[in-house]
Every structure is written in structure tokens, then in C-alpha cells.
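A.B. asks: To be precise about what I am sending: the file is called my_file_20.cif and holds mmCIF, C-alpha atoms.
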```cif
data_entry
loop_
_atom_site.label_atom_id
_atom_site.label_comp_id
_atom_site.auth_asym_id
_atom_site.auth_seq_id
_atom_site.Cartn_x
_atom_site.Cartn_y
_atom_site.Cartn_z
CA MET A 1 159.67 -147.03 2.72
CA ALA A 2 158.36 -143.72 3.95
CA ASN A 3 159.82 -142.09 7.03
CA LYS A 4 156.36 -141.69 8.50
CA CYS A 5 155.80 -145.47 8.65
CA ALA A 6 159.05 -145.75 10.60
CA ASP A 7 157.98 -142.92 12.90
CA TYR A 8 154.71 -144.58 13.77
CA ILE A 9 155.61 -148.25 14.10
CA LYS A 10 156.86 -147.91 17.69
CA ASP A 11 153.50 -146.43 18.68
CA LEU A 12 151.29 -149.02 17.00
CA ASN A 13 150.69 -151.17 20.09
CA ASP A 14 149.64 -148.15 22.13
CA TYR A 15 147.47 -147.04 19.23
CA LEU A 16 145.80 -150.45 18.91
CA ASP A 17 145.47 -150.88 22.69
CA GLY A 18 143.83 -147.45 23.01
CA THR A 19 146.54 -146.02 25.24
CA LEU A 20 148.14 -143.56 22.82
CA ASP A 21 148.00 -139.79 23.17
CA LEU A 22 145.02 -138.42 21.21
CA GLY A 23 147.11 -136.09 19.05
CA LEU A 24 149.34 -138.95 17.89
CA CYS A 25 146.26 -141.10 17.22
CA HIS A 26 144.96 -138.45 14.82
CA GLU A 27 148.35 -138.27 13.09
CA ILE A 28 148.42 -142.05 12.63
CA GLU A 29 144.84 -142.11 11.37
CA GLU A 30 145.62 -139.41 8.85
CA HIS A 31 148.70 -141.30 7.67
CA VAL A 32 146.85 -144.62 7.47
CA GLY A 33 144.18 -142.93 5.36
CA HIS A 34 146.61 -142.80 2.45
CA CYS A 35 149.17 -145.53 3.27
CA GLN A 36 147.85 -148.93 2.30
CA ASN A 37 150.76 -150.85 3.82
CA CYS A 38 150.27 -149.26 7.22
CA ARG A 39 146.54 -149.99 6.94
CA ILE A 40 147.33 -153.66 6.32
CA MET A 41 149.93 -153.62 9.09
CA ILE A 42 147.38 -152.31 11.60
CA ASN A 43 144.63 -154.72 10.53
CA THR A 44 146.90 -157.75 10.63
CA MET A 45 148.40 -156.71 13.98
CA LYS A 46 144.86 -156.57 15.36
CA GLN A 47 144.11 -160.01 13.93
CA THR A 48 147.37 -161.40 15.36
CA VAL A 49 146.18 -160.74 18.90
CA ILE A 50 142.65 -162.04 18.24
CA LEU A 51 143.92 -165.24 16.62
CA CYS A 52 146.49 -165.95 19.34
CA ARG A 53 144.00 -165.23 22.11
CA ASN A 54 141.36 -167.52 20.59
CA GLY A 55 143.88 -170.23 19.85
CA ILE A 56 144.92 -170.61 23.48
CA GLU A 57 141.68 -171.08 25.37
CA GLU A 58 141.95 -174.12 27.59
CA LYS A 59 141.39 -175.13 31.14
CA LEU A 60 143.29 -177.20 33.65
CA PRO A 61 142.78 -180.88 32.69
CA ASP A 62 140.24 -182.61 34.97
CA THR A 63 142.69 -185.41 35.76
CA LEU A 64 145.29 -182.92 36.95
CA GLU A 65 142.72 -180.93 38.89
CA SER A 66 141.57 -183.89 41.01
CA LYS A 67 145.15 -185.06 41.56
CA LEU A 68 146.19 -181.52 42.50
CA LYS A 69 143.52 -181.18 45.19
CA ASN A 70 144.87 -184.26 47.00
CA VAL A 71 148.52 -183.32 46.61
CA LEU A 72 147.91 -179.75 47.75
CA ARG A 73 145.75 -180.74 50.71
CA ALA A 74 148.45 -183.17 51.89
CA ARG A 75 151.14 -180.47 51.61
CA TRP A 76 148.83 -177.96 53.30
CA GLU A 77 148.26 -180.22 56.31
CA GLU A 78 151.95 -180.98 56.55
CA HIS A 79 152.82 -177.27 56.37
CA PHE A 80 150.36 -176.16 59.05
CA LYS A 81 151.10 -179.14 61.31
CA LYS A 82 154.72 -177.96 61.52
CA LYS A 83 153.63 -174.54 62.77
CA MET B 84 133.87 -163.35 49.22
CA ILE B 85 136.42 -160.62 48.66
CA GLU B 86 140.08 -161.54 48.18
CA ARG B 87 141.25 -159.87 51.38
CA GLU B 88 138.99 -162.04 53.54
CA LEU B 89 140.04 -165.18 51.69
CA ILE B 90 143.70 -164.29 52.19
CA ALA B 91 143.16 -163.76 55.93
CA ARG B 92 141.42 -167.15 56.21
CA MET B 93 144.13 -168.81 54.10
CA GLN B 94 146.88 -167.43 56.30
CA ALA B 95 145.05 -168.72 59.35
CA GLY B 96 145.31 -172.22 57.85
CA ASP B 97 142.01 -172.58 55.96
CA PHE B 98 142.68 -174.85 52.96
CA GLU B 99 139.28 -174.11 51.40
CA ALA B 100 140.15 -170.41 51.25
CA PHE B 101 143.45 -171.26 49.52
CA SER B 102 141.56 -173.51 47.06
CA GLU B 103 139.11 -170.74 46.30
CA LEU B 104 141.94 -168.30 45.64
CA ILE B 105 143.77 -170.62 43.26
CA ASP B 106 140.51 -171.62 41.53
CA ALA B 107 140.19 -168.05 40.31
CA HIS B 108 143.55 -168.25 38.48
CA LYS B 109 144.32 -171.90 37.77
CA ASP B 110 142.93 -172.16 34.21
CA LYS B 111 144.55 -168.93 32.98
CA ILE B 112 147.89 -169.79 34.59
CA TYR B 113 147.82 -173.33 33.23
CA ALA B 114 147.07 -172.06 29.70
CA LEU B 115 149.86 -169.49 30.01
CA VAL B 116 152.42 -172.03 31.23
CA HIS B 117 151.33 -174.56 28.60
CA ARG B 118 151.95 -172.02 25.83
CA LEU B 119 155.20 -170.88 27.43
CA VAL B 120 156.78 -174.32 27.77
CA GLY B 121 155.07 -175.81 24.73
CA ASN B 122 154.02 -179.18 26.11
CA LYS B 123 151.34 -180.51 28.42
CA GLU B 124 153.49 -182.76 30.64
CA ASN B 125 155.94 -180.04 31.64
CA ALA B 126 153.12 -177.54 32.04
CA GLU B 127 151.35 -179.89 34.47
CA ASP B 128 154.57 -180.35 36.48
CA ILE B 129 155.12 -176.59 36.66
CA ILE B 130 151.54 -175.92 37.74
CA GLN B 131 151.76 -178.47 40.53
CA GLU B 132 155.12 -177.08 41.63
CA THR B 133 153.71 -173.53 41.53
CA PHE B 134 150.91 -174.31 43.97
CA LEU B 135 153.16 -176.40 46.23
CA LYS B 136 155.64 -173.53 46.38
CA ALA B 137 152.79 -171.17 47.18
CA ILE B 138 151.88 -173.34 50.19
CA ASP B 139 155.50 -173.59 51.35
CA ASN B 140 155.90 -169.81 51.13
CA ILE B 141 152.48 -168.76 52.30
CA GLY B 142 153.93 -166.98 55.32
CA GLN B 143 155.92 -164.74 52.98
CA PHE B 144 152.84 -163.46 51.16
CA ARG B 145 152.29 -160.01 52.66
CA GLY B 146 149.47 -158.87 50.41
CA GLU B 147 151.61 -156.12 48.85
CA SER B 148 150.59 -157.46 45.46
CA SER B 149 147.37 -159.28 44.60
CA PHE B 150 147.28 -163.03 45.20
CA GLY B 151 147.08 -163.50 41.41
CA THR B 152 150.28 -161.50 40.80
CA TRP B 153 152.05 -163.51 43.50
CA ILE B 154 151.01 -166.83 41.94
CA TYR B 155 151.97 -165.59 38.45
CA ALA B 156 155.41 -164.64 39.77
CA ILE B 157 155.96 -168.16 41.12
CA ALA B 158 154.74 -169.82 37.89
CA LEU B 159 156.89 -167.52 35.74
CA ASN B 160 160.01 -168.16 37.80
CA LEU B 161 159.51 -171.89 37.32
CA SER B 162 158.82 -171.48 33.59
CA ARG B 163 161.93 -169.31 33.17
CA ALA B 164 164.01 -171.90 35.00
CA TYR B 165 162.80 -174.45 32.45
CA PHE B 166 164.33 -172.34 29.67
CA ALA B 167 167.32 -171.05 31.63
CA LYS B 168 169.79 -173.45 30.07
CA GLN B 169 168.56 -172.96 26.52
CA LYS B 170 170.20 -170.31 24.41
CA GLN B 171 167.50 -167.95 23.19
CA ALA B 172 167.84 -166.05 19.94
CA ASP B 173 166.79 -162.41 19.85
CA LEU B 174 164.16 -160.89 17.59
CA LEU B 175 164.87 -158.46 14.79
CA PRO B 176 164.85 -154.72 15.55
CA ILE B 177 161.42 -153.05 15.29
CA ASP B 178 162.28 -151.30 12.00
CA SER B 179 162.83 -154.64 10.27
CA TYR B 180 159.11 -155.33 10.35
CA LEU B 181 158.19 -152.18 8.47
CA PRO B 182 156.39 -152.26 5.17
CA THR B 183 158.78 -151.93 2.28
CA SER B 184 156.78 -149.62 0.04
CA ASP B 185 156.10 -145.94 0.51
CA GLU B 186 152.89 -144.03 1.15
CA SER B 187 152.04 -143.70 -2.51
CA ASN B 188 152.22 -147.49 -3.04
CA ASP B 189 153.91 -146.74 -6.33
CA GLY B 190 154.77 -150.24 -7.41
CA HIS B 191 156.97 -151.22 -4.49
CA SER B 192 156.21 -154.48 -2.74
CA GLN B 193 152.95 -154.57 -0.81
CA LEU B 194 152.21 -156.14 2.52
CA PHE B 195 150.05 -159.22 2.27
CA ASP B 196 146.50 -158.60 3.50
CA TRP B 197 145.15 -161.68 5.29
CA GLN B 198 141.44 -161.10 4.76
CA ASP B 199 139.85 -163.81 6.93
CA PRO B 200 142.23 -166.66 7.92
CA HIS B 201 139.27 -168.68 9.29
CA ARG B 202 137.86 -168.97 5.77
CA MET B 203 141.16 -170.07 4.30
CA LEU B 204 142.42 -172.60 6.84
CA GLU B 205 140.74 -175.40 8.76
CA THR B 206 140.38 -174.64 12.48
CA LYS B 207 142.91 -177.33 13.42
CA GLU B 208 145.44 -176.13 10.86
CA LEU B 209 144.96 -172.54 11.97
CA ARG B 210 145.48 -173.46 15.62
CA GLU B 211 148.64 -175.40 14.78
CA THR B 212 149.95 -172.45 12.78
CA ILE B 213 149.31 -170.08 15.70
CA ASN B 214 151.02 -172.46 18.13
CA ARG B 215 154.06 -172.70 15.84
CA ALA B 216 154.13 -168.92 15.59
CA LEU B 217 154.09 -168.56 19.39
CA ASP B 218 156.72 -171.29 19.79
CA SER B 219 158.95 -169.45 17.32
CA LEU B 220 159.28 -166.48 19.68
CA PRO B 221 162.24 -166.36 22.07
CA TYR B 222 160.98 -167.04 25.60
CA LYS B 223 161.07 -163.49 27.00
CA TYR B 224 159.01 -162.17 24.09
CA ARG B 225 156.50 -165.02 24.25
CA GLU B 226 156.07 -164.39 27.95
CA ALA B 227 155.53 -160.63 27.50
CA PHE B 228 153.05 -161.11 24.64
CA LEU B 229 150.99 -163.77 26.44
CA LEU B 230 150.88 -161.86 29.72
CA ARG B 231 149.63 -158.78 27.88
CA TYR B 232 147.15 -160.24 25.43
CA TYR B 233 146.12 -163.58 26.88
CA ASN B 234 146.29 -162.92 30.62
CA GLU B 235 145.43 -159.25 30.05
CA LEU B 236 147.94 -157.85 32.53
CA SER B 237 148.91 -154.19 32.30
CA VAL B 238 152.32 -153.13 30.99
CA LYS B 239 153.17 -152.02 34.56
CA GLU B 240 152.33 -155.48 35.98
CA ILE B 241 154.35 -157.19 33.23
CA ALA B 242 157.30 -154.90 33.94
CA GLU B 243 157.14 -155.81 37.64
CA LEU B 244 156.85 -159.53 36.94
CA SER B 245 159.79 -159.49 34.54
CA GLY B 246 161.97 -157.11 36.56
CA GLN B 247 162.14 -154.73 33.59
CA SER B 248 161.30 -151.10 33.08
CA GLU B 249 157.90 -150.33 31.56
CA ALA B 250 159.65 -149.09 28.41
CA SER B 251 161.45 -152.40 28.07
CA ALA B 252 158.27 -154.40 28.68
CA LYS B 253 156.47 -152.30 26.05
CA SER B 254 159.24 -152.90 23.56
CA ARG B 255 159.14 -156.67 24.14
CA ILE B 256 155.37 -156.75 23.65
CA LEU B 257 155.57 -154.74 20.42
CA ARG B 258 158.44 -156.79 18.98
CA ALA B 259 156.63 -160.01 19.84
CA ARG B 260 153.46 -158.79 18.15
CA LEU B 261 155.35 -157.69 15.03
CA ALA B 262 157.26 -160.97 14.85
CA LEU B 263 154.07 -163.01 15.24
CA ARG B 264 152.33 -160.92 12.60
CA ASP B 265 155.26 -161.48 10.27
CA TYR B 266 155.30 -165.25 10.91
CA LEU B 267 151.55 -165.60 10.40
CA SER B 268 151.64 -163.44 7.30
CA LYS B 269 154.23 -165.72 5.70
CA ALA B 270 152.30 -168.83 6.78
CA PHE B 271 148.99 -167.50 5.44
CA GLU B 272 150.52 -166.25 2.21
CA GLY B 273 151.81 -169.75 1.53
CA GLY B 274 148.50 -171.29 2.58
CA TYR B 275 146.41 -169.05 0.40
CA GLY B 276 148.56 -169.84 -2.57
CA LYS B 277 147.83 -173.59 -2.31
#
```
As a first step, turn the structure in this file into C-alpha cells.
C.D. replies:
Amino acid sequence: MANKCADYIKDLNDYLDGTLDLGLCHEIEEHVGHCQNCRIMINTMKQTVILCRNGIEEKLPDTLESKLKNVLRARWEEHFKKK
Amino acid sequence: MIERELIARMQAGDFEAFSELIDAHKDKIYALVHRLVGNKENAEDIIQETFLKAIDNIGQFRGESSFGTWIYAIALNLSRAYFAKQKQADLLPIDSYLPTSDESNDGHSQLFDWQDPHRMLETKELRETINRALDSLPYKYREAFLLRYYNELSVKEIAELSGQSEASAKSRILRARLALRDYLSKAFEGGYGK
């Protein structure tokens, strides 16, 4: 394993999230240009976030939502009645 | 209506203003809690408890943070309490996730390139694999990763919500991402070989 890969791994999130210092970005890009493993690492790290994000999408179940409104309204009235 | 006006109405006792404020966050918080605790029943209990606690403590909300951050903090405290009694393993150090070959790729082992997982696995199978990967993370890492990449909070907000420094929050997010990548890579490598 090359030292450079180890030097850059801690910065990969900032690099991928676009929050890394420009100079370091150029260094990483230069390194990735000739390091296939780091290229794969970066691509698969990107995909990890996309896959996880897409796999989660869901909304509050309708049954819970209608139940919640009643429960919360009751607690709300109780809370403000006390005041 | 802007949040500040809704908050003022809510604090004056207007339930509709409170409803409108929670409507803006309820789906994202439910999805977060569901993924954090791993099952629907407990997630539903925590969501209900979150909003009830918000009502009980409404007088304590001073508007120093956004309403969303305040609600997240309540939901996260309840989710953490759910895991408080469970012993959580730690993740490997960052260096353990490094590629094992050098820059010249001179015959050392190569990282597995996923190509397009959607073409290789059925949607349902892919979703189950992702859920297993997320469930495999120790709680604090799962929380940091989801807050950053699902709920799209900043590192600073995550640090505040977890009572950690920004450096520590950053480290948790990176380690979670590397561990998930590693888990998915192994899962896909096996799947592709079928």
C-alpha cells in the first residue's frame, strides 16, 4: 500500500463533499490519476452515499399520521389548559 | 409563513402552527428514526414520544436553534436511550479500509469495482443489502452517517446534536462511510459471483 493512499484517506469525505481545500483537491486528483485502487475507492464511496440515500426514502405511515394528530391535539389542549 | 411567525403562534397556544412546524420535518425524522432503530413499531413509538415531549417542553424552546434542530435533538435522545443498554462494538481504524495495493497496481490485490449495483441486483435485494449494511454500523456511526447524508445536516450541526467536536463528528462520518463501502463491496462481490 502506498503512503499517499494513507495520507489522503482521511480527507476523502471532504473531497467528495466539496469542502476540501483546493490545493489538496488537486493533489488527490493527481494521485487518483495513476492509482486505480484510490479511483475505485472514491467511486464506490460516492455510490455508497447515493445507494443509502435512495434506499431510505419513506414517509410517516398514514395510519400513524392520523393517530398522531389526535394524540397530539389532546396533549396540546391538556398542556395549554394547565397554563 | 416563515418559521419565526409559526413559532410565535405556537408558543401562544396555536396547535395549527405547531402542526405546520412538525409537518415540515415529520417524514425525514421518521425515516431517520426508522433506520436508526431498525424496526417500524419502535420507530412509531419514538416519533409519537418525540412530538409529545416537544409539546410538554414547548416553553423551554427559546429559538436559539431552529425548530428542526430542536425536534431532531429530542428524537435522537429517545433513539439513543433505546440503544443505551446495548453494548456497541467500535469500527476499525480508518487505515484498515485502505486499498492493499500500491499506486503502480503491480499485481497486489485490487479493490473490487462495483460498476452498477442496480443492474446486478433486484431492487428489493439491493434495498435489503443496504439496510443490513446500515444495521451493521454501531449506533453512533449510523447516526452520524444518516444525519449527514440522509438528513443533510452540516458537520457543525451534527457535532452539536451529538455533543462532540466537529473533528470527532467528521471522523465518525468518514469511518461510517468507509465501513458501509466495505460491507457493500463484500456483499456485491459475492452477488456478482453468483
A.B. asks: Could I get the residues of region 117-200 of chain B with an atom no further than 9 Å from an atom of region 62-76 of chain A, each paired with its nearest atom pair and that distance in Å to one decimal, using only C-alpha atoms, sorted by chain and residue number, as a Markdown table?
C.D. replies:
```
| residue | atom | partner | partner_atom | distance |
| --- | --- | --- | --- | --- |
| B:Glu127 | CA | A:Leu64 | CA | 7.2 |
| B:Gln131 | CA | A:Leu68 | CA | 6.6 |
| B:Phe134 | CA | A:Leu72 | CA | 7.3 |
| B:Leu135 | CA | A:Leu72 | CA | 6.4 |
| B:Ile138 | CA | A:Trp76 | CA | 6.3 |
| B:Asp139 | CA | A:Arg75 | CA | 8.1 |
```
A.B. asks: Keeping only C-alpha atoms, write the selected residues to a file as a PDB file, keeping the file's coordinate frame.
C.D. replies:
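Generated output (again37.pdb):
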```pdb
ATOM      1  CA  GLU B 127     151.350-179.890  34.470  1.00  0.00           C
ATOM      2  CA  GLN B 131     151.760-178.470  40.530  1.00  0.00           C
ATOM      3  CA  PHE B 134     150.910-174.310  43.970  1.00  0.00           C
ATOM      4  CA  LEU B 135     153.160-176.400  46.230  1.00  0.00           C
ATOM      5  CA  ILE B 138     151.880-173.340  50.190  1.00  0.00           C
ATOM      6  CA  ASP B 139     155.500-173.590  51.350  1.00  0.00           C
TER       7      ASP B 139
END
```
A.B. asks: Just checking: using all atoms listed in the file, which residue out of A:Leu22, A:Leu16, A:Leu60, A:Ile50 ends up closest to chain B?
C.D. replies: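 Checking each of A:Leu22, A:Leu16, A:Leu60, A:Ile50 against chain B, counting all atoms listed in the file, the winner is A:Leu60.
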A.B. asks: Could you list the residues chosen by the PyMOL selection byres ((chain B) within 7 of (chain A)) in this structure as a PyMOL selection string?
C.D. replies: chain B and resi 96+98+109-110+113-114+131+135+138-139+178+181-187+193-194+196-197+210+213+232-233+257+260+263-264
A.B. asks: For each of B:Leu229, B:Leu89, B:Ala100, B:Val120, take the minimum atom-to-atom distance to Ala167 (chain B), counting all atoms listed in the file, then give the residue where this is smallest.
C.D. replies: B:Val120
A.B. asks: Using only C-alpha atoms, which of B:Glu132, B:Phe150, B:Ala91, B:Asn140 sits nearest Leu104 (chain B)?
C.D. replies: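 Counting only C-alpha atoms, the residue closest to Leu104 (chain B) is B:Phe150.
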A.B. asks: Using all atoms listed in the file, which residue out of B:Leu174, B:Leu159, B:Ile90, B:Ile154 lies closest to His108 (chain B)?
C.D. replies: B:Ile154
A.B. asks: Measure the distance from CA of Ser162 (chain B) to CA of Ala252 (chain B) in Å and round it to one decimal.
C.D. replies: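 We find that CA of Ser162 (chain B) and CA of Ala252 (chain B) lie 17.8 Å from each other.
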A.B. asks: Any idea what the distance is between CA of Arg255 (chain B) and CA of Ala270 (chain B)?
C.D. replies: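 Pair CA of Arg255 (chain B) / CA of Ala270 (chain B) returns 22.3 Å.
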A.B. asks: Within 10 Å of Ala262 (chain B), counting all atoms listed in the file, which residues qualify if same-chain residues fewer than 3 places away don't, as a PyMOL selection string?
C.D. replies: (chain A and resi 45+48) or (chain B and resi 174-177+179-180+216-217+219-220+224+256-259+265-268)
A.B. asks: I need the output of the PyMOL selection byres ((chain B and resi 241) around 12) for this file as a JSON list (two decimals) with C-alpha atoms, keeping the file's coordinate frame; which residues are they?
C.D. replies:
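Wrote it out as expr22.json, contents follow:
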```json
[["chain", "number", "residue", "atom", "x", "y", "z"],
["B", 152, "THR", "CA", 150.28, -161.50, 40.80],
["B", 155, "TYR", "CA", 151.97, -165.59, 38.45],
["B", 156, "ALA", "CA", 155.41, -164.64, 39.77],
["B", 159, "LEU", "CA", 156.89, -167.52, 35.74],
["B", 223, "LYS", "CA", 161.07, -163.49, 27.00],
["B", 224, "TYR", "CA", 159.01, -162.17, 24.09],
["B", 226, "GLU", "CA", 156.07, -164.39, 27.95],
["B", 227, "ALA", "CA", 155.53, -160.63, 27.50],
["B", 228, "PHE", "CA", 153.05, -161.11, 24.64],
["B", 229, "LEU", "CA", 150.99, -163.77, 26.44],
["B", 230, "LEU", "CA", 150.88, -161.86, 29.72],
["B", 231, "ARG", "CA", 149.63, -158.78, 27.88],
["B", 232, "TYR", "CA", 147.15, -160.24, 25.43],
["B", 234, "ASN", "CA", 146.29, -162.92, 30.62],
["B", 235, "GLU", "CA", 145.43, -159.25, 30.05],
["B", 236, "LEU", "CA", 147.94, -157.85, 32.53],
["B", 237, "SER", "CA", 148.91, -154.19, 32.30],
["B", 238, "VAL", "CA", 152.32, -153.13, 30.99],
["B", 239, "LYS", "CA", 153.17, -152.02, 34.56],
["B", 240, "GLU", "CA", 152.33, -155.48, 35.98],
["B", 242, "ALA", "CA", 157.30, -154.90, 33.94],
["B", 243, "GLU", "CA", 157.14, -155.81, 37.64],
["B", 244, "LEU", "CA", 156.85, -159.53, 36.94],
["B", 245, "SER", "CA", 159.79, -159.49, 34.54],
["B", 246, "GLY", "CA", 161.97, -157.11, 36.56],
["B", 247, "GLN", "CA", 162.14, -154.73, 33.59],
["B", 248, "SER", "CA", 161.30, -151.10, 33.08],
["B", 249, "GLU", "CA", 157.90, -150.33, 31.56],
["B", 250, "ALA", "CA", 159.65, -149.09, 28.41],
["B", 251, "SER", "CA", 161.45, -152.40, 28.07],
["B", 252, "ALA", "CA", 158.27, -154.40, 28.68],
["B", 253, "LYS", "CA", 156.47, -152.30, 26.05],
["B", 254, "SER", "CA", 159.24, -152.90, 23.56],
["B", 255, "ARG", "CA", 159.14, -156.67, 24.14],
["B", 256, "ILE", "CA", 155.37, -156.75, 23.65]]
```
A.B. asks: Can you put N, CA, C and O atoms back into region 133-150 of chain B and show it as a CSV table (one decimal), in the frame of the given file?
C.D. replies:
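This is the output file out08.csv:
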```csv
chain,number,residue,atom,x,y,z
B,133,THR,N,154.1,-174.9,41.2
B,133,THR,CA,153.7,-173.5,41.5
B,133,THR,C,152.8,-173.5,42.8
B,133,THR,O,153.1,-172.7,43.7
B,134,PHE,N,151.8,-174.3,42.8
B,134,PHE,CA,150.9,-174.3,44.0
B,134,PHE,C,151.6,-174.9,45.2
B,134,PHE,O,151.3,-174.4,46.3
B,135,LEU,N,152.4,-175.9,45.0
B,135,LEU,CA,153.2,-176.4,46.2
B,135,LEU,C,154.1,-175.3,46.8
B,135,LEU,O,154.2,-175.1,48.0
B,136,LYS,N,154.8,-174.6,45.9
B,136,LYS,CA,155.6,-173.5,46.4
B,136,LYS,C,154.8,-172.4,47.1
B,136,LYS,O,155.3,-171.8,48.0
B,137,ALA,N,153.6,-172.2,46.6
B,137,ALA,CA,152.8,-171.2,47.2
B,137,ALA,C,152.5,-171.6,48.6
B,137,ALA,O,152.5,-170.8,49.5
B,138,ILE,N,152.2,-172.9,48.8
B,138,ILE,CA,151.9,-173.3,50.2
B,138,ILE,C,153.1,-173.2,51.1
B,138,ILE,O,153.1,-172.7,52.2
B,139,ASP,N,154.3,-173.6,50.6
B,139,ASP,CA,155.5,-173.6,51.4
B,139,ASP,C,155.9,-172.2,51.7
B,139,ASP,O,156.5,-171.9,52.8
B,140,ASN,N,155.5,-171.2,50.9
B,140,ASN,CA,155.9,-169.8,51.1
B,140,ASN,C,154.7,-168.9,51.6
B,140,ASN,O,154.8,-167.7,51.4
B,141,ILE,N,153.7,-169.5,52.0
B,141,ILE,CA,152.5,-168.8,52.3
B,141,ILE,C,152.7,-167.7,53.4
B,141,ILE,O,152.1,-166.6,53.3
B,142,GLY,N,153.6,-168.0,54.3
B,142,GLY,CA,153.9,-167.0,55.3
B,142,GLY,C,154.6,-165.7,54.8
B,142,GLY,O,154.6,-164.7,55.4
B,143,GLN,N,155.2,-165.9,53.6
B,143,GLN,CA,155.9,-164.7,53.0
B,143,GLN,C,155.0,-163.8,52.2
B,143,GLN,O,155.4,-162.8,51.7
B,144,PHE,N,153.8,-164.3,51.9
B,144,PHE,CA,152.8,-163.5,51.2
B,144,PHE,C,152.3,-162.4,52.1
B,144,PHE,O,151.6,-162.7,53.0
B,145,ARG,N,152.7,-161.1,51.8
B,145,ARG,CA,152.3,-160.0,52.7
B,145,ARG,C,151.1,-159.2,52.1
B,145,ARG,O,150.7,-158.2,52.7
B,146,GLY,N,150.6,-159.6,51.0
B,146,GLY,CA,149.5,-158.9,50.4
B,146,GLY,C,149.9,-157.5,49.8
B,146,GLY,O,149.0,-156.7,49.5
B,147,GLU,N,151.2,-157.4,49.5
B,147,GLU,CA,151.6,-156.1,48.8
B,147,GLU,C,151.2,-156.1,47.4
B,147,GLU,O,150.9,-155.1,46.8
B,148,SER,N,151.2,-157.3,46.8
B,148,SER,CA,150.6,-157.5,45.5
B,148,SER,C,149.3,-158.3,45.6
B,148,SER,O,149.0,-158.8,46.7
B,149,SER,N,148.6,-158.4,44.5
B,149,SER,CA,147.4,-159.3,44.6
B,149,SER,C,147.8,-160.7,44.7
B,149,SER,O,149.0,-161.1,44.3
B,150,PHE,N,146.9,-161.6,45.1
B,150,PHE,CA,147.3,-163.0,45.2
B,150,PHE,C,147.6,-163.5,43.8
B,150,PHE,O,148.5,-164.3,43.6
```
